[in-house]
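Below is one structure, written out as structure tokens; comments come after it.
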Amino acid sequence: MSTDEDPHTITVSVDGQVEEAVVAPRTLLVHWLRDALDKRGPKIGCDTGNCGACTVVWDGLLVKSCMVLAAQVDGGSVRTAASLCGSDGTLNRLQQCFSEHHALQCGYCTSGMLMTAEDLLDSGDELTEAAVRRGLKGNICRCTGYHNIVKAIRAADGQDVDQDAGEHEG
Amino acid sequence: MILPPLQYLRPRSVPEAVDLLSRVDGSTVLAGGQTLINMLKLDLVAPAALVDVHRLDELRGIELDAAGTLVIGAAATYREIAESPLVREHQPAVSTMAGGLVDRQVRNRGTIGGNCCLNDPANNFPPLLTALRARFRSTGGPIGIRSAEDFFTGTLATALAPDELLTAVEIPALPAGTVVEHAHLQLAADSWAIARAVVRLDVSDDTVSDARVVLGAVLGSPLRLSAIERALVGRPVDATLPQAADEAGALPIDTVDDLHCSAGYRREMAHVQLRRALRAAVERSTDVDR
């Protein structure tokens, strides 16, 4: 039984802009964001919910947008990494810290990392190195070894990460 | 598109959900979707329609009833369970487990009901809830409530009929002195388990008055080790309990080689986790006494 002829009309606030669209029920949120709205923040990495490159915030909750249907977010709001910087492109504090601490190499995981990092910073949890590393469990980076990502997030939390021994580039 | 064609239905109430499940051929429940959507991508399941119950408030509550039973709505997320002061106070093992599941993103979506209804041998909740003597409340079928033993019927299988909906998991109050400990070998922190054991000891006068010993991550339903349970009852709670468990006979573990390890390795690791959980339970019990 093909039911793609039974499309859903959805109304969703995406990065502050109200979007109305008609989607097939089987459309994944990440595909709708990228293909219909040209939102390039959420990346398609693994398609299996492991890598976290597609991480967005839906109604205040961090989710992987490859494991959510576009039809499910009807009536809600979604934030992608594009929402983090100012309207003139000014980087927010976290993004600046990622830049200053070289928290990316190829950049593919970065927008997902930023969304999870913002969520960690907003959580009110004490962001020890172990807490940050555990918090990033749902986001895979294959370049950096996470070291500088952890450092950048702790810097954005106001911690004096430059004093950490052995962390300078050599 | 990666997913097969399907219909998406969002009922506004539990009765409407049950009505859809019984009326729409090939429909299945969508809760958090953190396994189901991946199974759809891989063509492991092919429902004609998804009935999304995740937003139904009737399925989201976490409450303590007059008898001290913790009633967790089937669609309560791992995060909601982990952050609930009621769960932390009355069923700390459930709280700890929920807070260590998978990752931050999945904890925001995955549900206790979905975890149990899938009954994947690697899932965390089925063995723990079996040890806690949880009851599974459902609607839409002739049987409204089931014990864990009746609910979990085999690998990836439960007793629920296709048009039946799990509504809540009820966890009875723990008697004073009861300890619950969990041990597992995982591929990585908060990750897939190779072996898992849960031990619950009811203790009175420093003696085991009742016991539940359950293995997970092996084929079939959570595996209750009744011979070991019987061997533990009546014994003093001390460091000899793992030895007593060993003397109850070989573990009747049904498992296979897989991507992560051989069947033999899993059997050995299950034994190791069982001993660790038992030792932890003894230590916890001794701590409680002091």
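By order in the structure tokens, chains are A, B, ...; within a chain, residues start at 1; ligands start at 1, following the order shown.
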
(request) Quick one: pick out all strand (DSSP E or B) residues within segment 193-263 of chain B from a backbone DSSP run and write them as a ChimeraX atom specification. (result) /B:193-204,207-216,223-224,236

Those same residues - C-alpha atoms - I'd like them written as a PDB file, in the first residue's frame.
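Output (result-v1.pdb):
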```pdb
ATOM      1  CA  ALA B 193      26.080  -4.407  26.047  1.00  0.00           C
ATOM      2  CA  ILE B 194      27.854  -7.687  25.470  1.00  0.00           C
ATOM      3  CA  ALA B 195      26.723  -9.030  28.821  1.00  0.00           C
ATOM      4  CA  ARG B 196      24.409  -7.748  31.506  1.00  0.00           C
ATOM      5  CA  ALA B 197      23.300  -8.956  34.933  1.00  0.00           C
ATOM      6  CA  VAL B 198      20.834  -7.601  37.471  1.00  0.00           C
ATOM      7  CA  VAL B 199      20.648  -8.843  41.042  1.00  0.00           C
ATOM      8  CA  ARG B 200      17.954  -7.976  43.530  1.00  0.00           C
ATOM      9  CA  LEU B 201      18.246  -9.186  47.085  1.00  0.00           C
ATOM     10  CA  ASP B 202      15.455  -8.782  49.601  1.00  0.00           C
ATOM     11  CA  VAL B 203      17.138  -8.866  52.967  1.00  0.00           C
ATOM     12  CA  SER B 204      15.851  -9.337  56.480  1.00  0.00           C
ATOM     13  CA  THR B 207      19.704 -12.966  55.450  1.00  0.00           C
ATOM     14  CA  VAL B 208      18.465 -13.195  51.861  1.00  0.00           C
ATOM     15  CA  SER B 209      14.695 -13.542  52.157  1.00  0.00           C
ATOM     16  CA  ASP B 210      14.055 -13.395  48.407  1.00  0.00           C
ATOM     17  CA  ALA B 211      16.171 -12.939  45.299  1.00  0.00           C
ATOM     18  CA  ARG B 212      15.910 -12.126  41.641  1.00  0.00           C
ATOM     19  CA  VAL B 213      18.855 -12.861  39.398  1.00  0.00           C
ATOM     20  CA  VAL B 214      18.403 -11.876  35.764  1.00  0.00           C
ATOM     21  CA  LEU B 215      20.686 -11.854  32.753  1.00  0.00           C
ATOM     22  CA  GLY B 216      20.287  -9.610  29.716  1.00  0.00           C
ATOM     23  CA  LEU B 223      16.801 -14.747  31.637  1.00  0.00           C
ATOM     24  CA  ARG B 224      15.787 -15.427  35.229  1.00  0.00           C
ATOM     25  CA  PRO B 236      23.525 -14.731  55.082  1.00  0.00           C
TER      26      PRO B 236
END
```

9 Å contacts from chain B to chain A using only C-alpha atoms, as a compact mmCIF listing (two decimals) with N, CA and C atoms, in the first residue's frame:
```txt
# COMPACT_ATOMS: atom_id res chain seq x y z
N MET B 1 14.39 9.19 -0.84
CA MET B 1 13.95 8.97 0.54
C MET B 1 14.39 7.59 1.01
N ILE B 2 14.76 7.52 2.28
CA ILE B 2 15.29 6.25 2.76
C ILE B 2 14.17 5.35 3.26
N LEU B 3 13.14 5.94 3.81
CA LEU B 3 12.10 5.12 4.41
C LEU B 3 11.14 4.60 3.34
N PRO B 4 10.54 3.42 3.60
CA PRO B 4 9.52 2.94 2.68
C PRO B 4 8.27 3.81 2.81
N PRO B 5 7.40 3.76 1.81
CA PRO B 5 6.16 4.53 1.92
C PRO B 5 5.37 4.08 3.15
N LEU B 6 4.82 5.04 3.85
CA LEU B 6 4.00 4.69 5.00
C LEU B 6 3.07 5.84 5.32
N GLN B 7 2.13 5.53 6.17
CA GLN B 7 1.16 6.52 6.60
C GLN B 7 1.55 6.97 8.00
N TYR B 8 1.38 8.25 8.30
CA TYR B 8 1.70 8.76 9.63
C TYR B 8 0.41 9.24 10.28
N ARG B 10 -1.46 10.58 13.88
CA ARG B 10 -1.23 11.07 15.23
C ARG B 10 -2.55 11.19 16.00
N GLY B 32 9.22 6.82 20.76
CA GLY B 32 10.34 7.74 20.55
C GLY B 32 10.99 7.58 19.18
N GLY B 33 10.83 6.40 18.60
CA GLY B 33 11.33 6.18 17.25
C GLY B 33 12.83 5.97 17.13
N GLN B 34 13.53 5.86 18.27
CA GLN B 34 14.99 5.84 18.19
C GLN B 34 15.55 4.48 17.75
N THR B 35 14.70 3.47 17.75
CA THR B 35 15.07 2.21 17.11
C THR B 35 14.20 1.99 15.88
N LEU B 36 12.92 2.25 16.01
CA LEU B 36 11.98 1.94 14.94
C LEU B 36 12.36 2.65 13.64
N ILE B 37 12.73 3.91 13.72
CA ILE B 37 13.02 4.64 12.47
C ILE B 37 14.26 4.05 11.80
N ASN B 38 15.22 3.61 12.60
CA ASN B 38 16.38 2.95 12.00
C ASN B 38 16.01 1.60 11.40
N LYS B 41 14.57 2.22 8.08
CA LYS B 41 15.59 2.54 7.07
C LYS B 41 16.21 1.27 6.50
N ALA B 48 2.54 -0.49 7.47
CA ALA B 48 1.86 0.38 6.50
C ALA B 48 1.61 1.75 7.11
N ALA B 49 1.52 1.79 8.45
CA ALA B 49 1.20 3.06 9.11
C ALA B 49 1.86 3.13 10.48
N ASP B 52 1.57 7.53 16.05
CA ASP B 52 2.50 8.26 16.93
C ASP B 52 1.84 8.57 18.27
N VAL B 102 22.50 5.28 26.02
CA VAL B 102 22.87 5.71 24.67
C VAL B 102 23.58 7.07 24.65
N ASP B 103 22.84 8.13 24.52
CA ASP B 103 23.46 9.46 24.49
C ASP B 103 22.41 10.53 24.76
N ARG B 104 22.88 11.75 24.86
CA ARG B 104 22.04 12.90 25.19
C ARG B 104 20.84 13.05 24.27
N GLN B 105 21.09 12.92 22.98
CA GLN B 105 20.01 13.11 22.01
C GLN B 105 18.96 12.00 22.13
N VAL B 106 19.43 10.77 22.20
CA VAL B 106 18.49 9.64 22.25
C VAL B 106 17.72 9.65 23.57
N ARG B 107 18.34 10.09 24.66
CA ARG B 107 17.61 10.15 25.95
C ARG B 107 16.46 11.14 25.90
N ASN B 108 16.53 12.12 24.99
CA ASN B 108 15.43 13.07 24.85
C ASN B 108 14.23 12.48 24.12
N ARG B 109 14.42 11.36 23.42
CA ARG B 109 13.34 10.80 22.61
C ARG B 109 12.95 9.39 23.02
N ALA B 189 31.32 3.39 26.94
CA ALA B 189 30.45 3.98 27.96
C ALA B 189 29.07 4.26 27.35
N ASP B 190 28.03 4.00 28.10
CA ASP B 190 26.64 4.24 27.67
C ASP B 190 26.33 3.54 26.35
```

(message) Could you pull out the helix (DSSP H, G or I) residues of segment 8-82 of chain A, going by DSSP on the backbone, and write them as JSON, numbers by chain?
(response) {"A": [29, 30, 31, 32, 33, 34, 35, 36, 65, 66, 67, 70, 71, 72, 73, 81, 82]}

(request) Find the spatial neighbours of segment 95-108 of chain A, counting only C-alpha atoms, within a cut-off of 9 Å - ignore same-chain residues fewer than 3 positions away - and output them as a PyMOL selection string. (result) chain A and resi 43+45+53+84-85+91-92+111-112+114+141-144+146-156

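Of note, atom CA of Ala173 of chain B and atom CA of Gly73 of chain B are spaced 16.5 Å apart.
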
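Residue nearest Cys46 of chain A within the list A:Ala70, A:Cys109, A:Val78, A:Ala21: A:Cys109 [criterion: smallest interatomic distance, only C-alpha atoms].
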
(request) Just give me the gap between atom CA of Gly41 of chain A and atom CA of Thr110 of chain A in Å, one decimal is fine. (result) 8.7 Å

(request) Write out as a ChimeraX atom specification the residues lying within 8 Å of Leu241 of chain B, counting only C-alpha atoms and excluding same-chain residues fewer than 5 positions away. (result) /B:232,235,278-279,282

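In this model, the gap between atom CA of Val180 of chain B and atom CA of Glu58 of chain B comes to 29.0 Å.
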